[in-house]
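Each remark here refers to the structure printed beneath this line.
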Amino acid sequence: MRIAITGTIGSGKSTVCARLREKGYDVFDCDEVNRFLLEPGNEGYLSVKEVFPECFANEKLNKKKLSAAVFTDEEKRRTLEAIMHPLILKQLKERQDDPLFAEVPLLFEAGWDSYFDWKILVVTD
């Protein structure tokens, strides 16, 4: 069984995932995998460097510069997502956990909702 945990920024997704971990479950964290993929030498790093060379200095990714570029330009954001989302999804699909819990901030935006049997939407006022 595959269960996605999603919600807006600050809604409490990480708190729900922390509780699941306390109960002994492993939780796939898309943001954590994204950070790993962007480390020097990893597949995401190499692909992003090829497409966004202006966001690198001395072989180091300037995450603030990349964020500024993609959050002010819809086409650049879609390009970055087209690079990173398939890499993250590939790692997610390799997981054999049952149940598989995954913290997926952009579940519906990425079109991954059909991959999961259950979706937990975390909301707050």
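Letters for chains follow the order of the structure tokens (A, B, ...), residue numbers begin at 1 for each chain, and ligand numbers begin at 1 in the order shown.
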Among the residues of chain A, find those DSSP assigns to strand (DSSP E or B) from the backbone and print them as a ChimeraX atom specification.
/A:2-7,27-29,56-57,60-61,100-103,118-122
With 12 Å as the cut-off and only C-alpha atoms counted, what is the closest atom pair between each nearby residue of segment 16-52 of chain A and segment 108-122 of chain A? Distances in Å to one decimal, ordered by chain and number, as a tab-separated table.
```
residue	atom	partner	partner_atom	distance
A:Val16	CA	A:Val122	CA	8.1
A:Cys17	CA	A:Val122	CA	10.6
A:Cys30	CA	A:Ala110	CA	11.7
```
Save the residues we just selected, all heavy atoms, as a PDB file, in the first residue's frame?
```pdb
ATOM      1  N   VAL A  16       3.314  15.144  10.918  1.00  0.00           N
ATOM      2  CA  VAL A  16       2.658  13.846  10.684  1.00  0.00           C
ATOM      3  C   VAL A  16       3.721  12.792  10.381  1.00  0.00           C
ATOM      4  O   VAL A  16       3.692  11.684  10.935  1.00  0.00           O
ATOM      5  CB  VAL A  16       1.628  13.946   9.529  1.00  0.00           C
ATOM      6  CG1 VAL A  16       1.132  12.567   9.120  1.00  0.00           C
ATOM      7  CG2 VAL A  16       0.471  14.852   9.916  1.00  0.00           C
ATOM      8  N   CYS A  17       4.683  13.131   9.548  1.00  0.00           N
ATOM      9  CA  CYS A  17       5.733  12.174   9.192  1.00  0.00           C
ATOM     10  C   CYS A  17       6.606  11.830  10.392  1.00  0.00           C
ATOM     11  O   CYS A  17       7.027  10.680  10.551  1.00  0.00           O
ATOM     12  CB  CYS A  17       6.567  12.722   8.037  1.00  0.00           C
ATOM     13  SG  CYS A  17       5.621  12.803   6.497  1.00  0.00           S
ATOM     14  N   CYS A  30      10.386  13.494  -0.159  1.00  0.00           N
ATOM     15  CA  CYS A  30      10.747  14.016  -1.478  1.00  0.00           C
ATOM     16  C   CYS A  30      11.724  15.181  -1.394  1.00  0.00           C
ATOM     17  O   CYS A  30      12.641  15.279  -2.224  1.00  0.00           O
ATOM     18  CB  CYS A  30       9.496  14.437  -2.247  1.00  0.00           C
ATOM     19  SG  CYS A  30       8.503  13.039  -2.800  1.00  0.00           S
TER      20      CYS A  30
END
```
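Each of A:Ala18, A:Ile83, A:Ile3, A:Ile9 was checked against Val123 of chain A using only C-alpha atoms; the smallest atom-to-atom distance is that of A:Ile9.
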Leu106 of chain A: which residues within 12 Å, counting only C-alpha atoms, same-chain residues fewer than 6 positions away excluded, as a ChimeraX atom specification?
/A:4-9,13,29-31,81,85,88-89,112-113,121
Can you pull out the residues contacting segment 65-74 of chain A? Cut-off 12 Å, using only C-alpha atoms, and skip same-chain residues under 4 positions away; I want them as a PyMOL selection string.
chain A and resi 38+45+48-49+51-57+60-61+78-81
Convert the current residue selection to file output with all heavy atoms, as a tab-separated table (two decimals), in the first residue's frame.
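Writing done, so here's out.tsv:
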```tsv
chain	number	residue	atom	x	y	z
A	38	LEU	N	20.77	16.91	-5.63
A	38	LEU	CA	21.45	18.16	-6.00
A	38	LEU	C	22.85	18.29	-5.40
A	38	LEU	O	23.51	19.31	-5.60
A	38	LEU	CB	20.59	19.37	-5.62
A	38	LEU	CG	19.34	19.56	-6.48
A	38	LEU	CD1	18.46	20.66	-5.90
A	38	LEU	CD2	19.71	19.85	-7.92
A	45	TYR	N	22.24	17.22	-9.79
A	45	TYR	CA	23.26	18.27	-9.83
A	45	TYR	C	23.78	18.45	-11.25
A	45	TYR	O	23.84	19.57	-11.78
A	45	TYR	CB	24.41	17.91	-8.88
A	45	TYR	CG	25.62	18.80	-8.96
A	45	TYR	CD1	25.75	19.89	-8.12
A	45	TYR	CD2	26.65	18.52	-9.85
A	45	TYR	CE1	26.87	20.71	-8.17
A	45	TYR	CE2	27.77	19.33	-9.91
A	45	TYR	CZ	27.88	20.42	-9.07
A	45	TYR	OH	28.99	21.22	-9.13
A	48	VAL	N	20.99	19.82	-13.64
A	48	VAL	CA	20.66	21.22	-13.35
A	48	VAL	C	21.81	22.13	-13.77
A	48	VAL	O	21.60	23.21	-14.32
A	48	VAL	CB	20.30	21.41	-11.86
A	48	VAL	CG1	20.20	22.88	-11.49
A	48	VAL	CG2	18.99	20.69	-11.55
A	49	LYS	N	23.02	21.68	-13.55
A	49	LYS	CA	24.20	22.48	-13.94
A	49	LYS	C	24.24	22.69	-15.45
A	49	LYS	O	24.61	23.76	-15.92
A	49	LYS	CB	25.48	21.79	-13.47
A	49	LYS	CG	26.72	22.61	-13.73
A	49	LYS	CD	27.95	21.93	-13.18
A	49	LYS	CE	29.15	22.81	-13.45
A	49	LYS	NZ	30.40	22.10	-13.18
A	51	VAL	N	21.63	22.85	-17.47
A	51	VAL	CA	20.53	23.71	-17.91
A	51	VAL	C	20.60	25.10	-17.27
A	51	VAL	O	20.20	26.09	-17.88
A	51	VAL	CB	19.17	23.04	-17.60
A	51	VAL	CG1	18.02	23.94	-17.98
A	51	VAL	CG2	19.07	21.70	-18.33
A	52	PHE	N	21.10	25.19	-16.04
A	52	PHE	CA	21.16	26.45	-15.31
A	52	PHE	C	22.60	26.76	-14.87
A	52	PHE	O	22.87	26.92	-13.68
A	52	PHE	CB	20.26	26.41	-14.06
A	52	PHE	CG	18.79	26.22	-14.35
A	52	PHE	CD1	18.21	24.96	-14.25
A	52	PHE	CD2	17.99	27.30	-14.69
A	52	PHE	CE1	16.86	24.78	-14.50
A	52	PHE	CE2	16.64	27.13	-14.94
A	52	PHE	CZ	16.07	25.86	-14.85
A	53	PRO	N	23.53	26.86	-15.80
A	53	PRO	CA	24.94	27.07	-15.42
A	53	PRO	C	25.16	28.38	-14.66
A	53	PRO	O	26.09	28.49	-13.86
A	53	PRO	CB	25.68	27.07	-16.75
A	53	PRO	CG	24.65	27.44	-17.77
A	53	PRO	CD	23.36	26.87	-17.24
A	54	GLU	N	24.28	29.35	-14.88
A	54	GLU	CA	24.41	30.65	-14.21
A	54	GLU	C	24.16	30.55	-12.70
A	54	GLU	O	24.47	31.49	-11.96
A	54	GLU	CB	23.45	31.67	-14.84
A	54	GLU	CG	21.97	31.44	-14.58
A	54	GLU	CD	21.29	30.38	-15.46
A	54	GLU	OE1	21.99	29.70	-16.26
A	54	GLU	OE2	20.07	30.23	-15.35
A	55	CYS	N	23.65	29.42	-12.25
A	55	CYS	CA	23.35	29.23	-10.83
A	55	CYS	C	24.47	28.49	-10.10
A	55	CYS	O	24.29	28.06	-8.96
A	55	CYS	CB	22.03	28.49	-10.67
A	55	CYS	SG	20.61	29.43	-11.29
A	56	PHE	N	25.59	28.34	-10.75
A	56	PHE	CA	26.74	27.65	-10.17
A	56	PHE	C	27.95	28.57	-10.15
A	56	PHE	O	28.15	29.36	-11.06
A	56	PHE	CB	27.08	26.39	-10.98
A	56	PHE	CG	26.07	25.29	-10.83
A	56	PHE	CD1	24.86	25.34	-11.51
A	56	PHE	CD2	26.32	24.22	-10.00
A	56	PHE	CE1	23.92	24.33	-11.37
A	56	PHE	CE2	25.40	23.21	-9.85
A	56	PHE	CZ	24.20	23.26	-10.53
A	57	ALA	N	28.73	28.44	-9.09
A	57	ALA	CA	29.99	29.17	-8.98
A	57	ALA	C	30.99	28.24	-8.31
A	57	ALA	O	30.69	27.64	-7.27
A	57	ALA	CB	29.81	30.45	-8.15
A	60	LYS	N	29.82	24.86	-7.33
A	60	LYS	CA	28.85	24.77	-6.24
A	60	LYS	C	27.53	25.40	-6.67
A	60	LYS	O	27.51	26.50	-7.23
A	60	LYS	CB	29.39	25.47	-5.00
A	60	LYS	CG	28.50	25.30	-3.79
A	60	LYS	CD	29.17	25.76	-2.53
A	60	LYS	CE	28.18	25.53	-1.40
A	60	LYS	NZ	28.76	25.58	-0.11
A	61	LEU	N	26.43	24.70	-6.38
A	61	LEU	CA	25.10	25.21	-6.70
A	61	LEU	C	24.73	26.31	-5.72
A	61	LEU	O	24.80	26.12	-4.51
A	61	LEU	CB	24.06	24.09	-6.63
A	61	LEU	CG	22.58	24.49	-6.75
A	61	LEU	CD1	22.30	25.15	-8.09
A	61	LEU	CD2	21.69	23.27	-6.55
A	78	ARG	N	9.14	25.12	-14.58
A	78	ARG	CA	8.71	23.88	-15.23
A	78	ARG	C	9.90	23.07	-15.73
A	78	ARG	O	9.90	21.84	-15.65
A	78	ARG	CB	7.74	24.18	-16.37
A	78	ARG	CG	6.33	24.51	-15.89
A	78	ARG	CD	5.31	24.47	-17.02
A	78	ARG	NE	5.62	25.37	-18.11
A	78	ARG	CZ	5.18	26.62	-18.21
A	78	ARG	NH1	4.39	27.11	-17.28
A	78	ARG	NH2	5.51	27.36	-19.23
A	79	THR	N	10.93	23.77	-16.22
A	79	THR	CA	12.14	23.08	-16.68
A	79	THR	C	12.83	22.37	-15.52
A	79	THR	O	13.22	21.20	-15.64
A	79	THR	CB	13.11	24.09	-17.34
A	79	THR	OG1	12.45	24.67	-18.48
A	79	THR	CG2	14.39	23.41	-17.79
A	80	LEU	N	12.98	23.06	-14.39
A	80	LEU	CA	13.60	22.45	-13.22
A	80	LEU	C	12.78	21.25	-12.74
A	80	LEU	O	13.34	20.19	-12.44
A	80	LEU	CB	13.76	23.47	-12.09
A	80	LEU	CG	14.38	22.94	-10.81
A	80	LEU	CD1	15.79	22.44	-11.04
A	80	LEU	CD2	14.35	24.02	-9.72
A	81	GLU	N	11.48	21.40	-12.69
A	81	GLU	CA	10.62	20.29	-12.27
A	81	GLU	C	10.71	19.12	-13.24
A	81	GLU	O	10.68	17.96	-12.82
A	81	GLU	CB	9.18	20.76	-12.13
A	81	GLU	CG	8.97	21.67	-10.92
A	81	GLU	CD	7.57	22.25	-10.82
A	81	GLU	OE1	6.78	22.12	-11.79
A	81	GLU	OE2	7.27	22.85	-9.77
```
Once DSSP has gone over the backbone, tell me which residues of chain A are in helix (DSSP H, G or I), as a PyMOL selection string.
chain A and resi 13-22+30-37+43-51+53-55+63-71+74-94+113-115
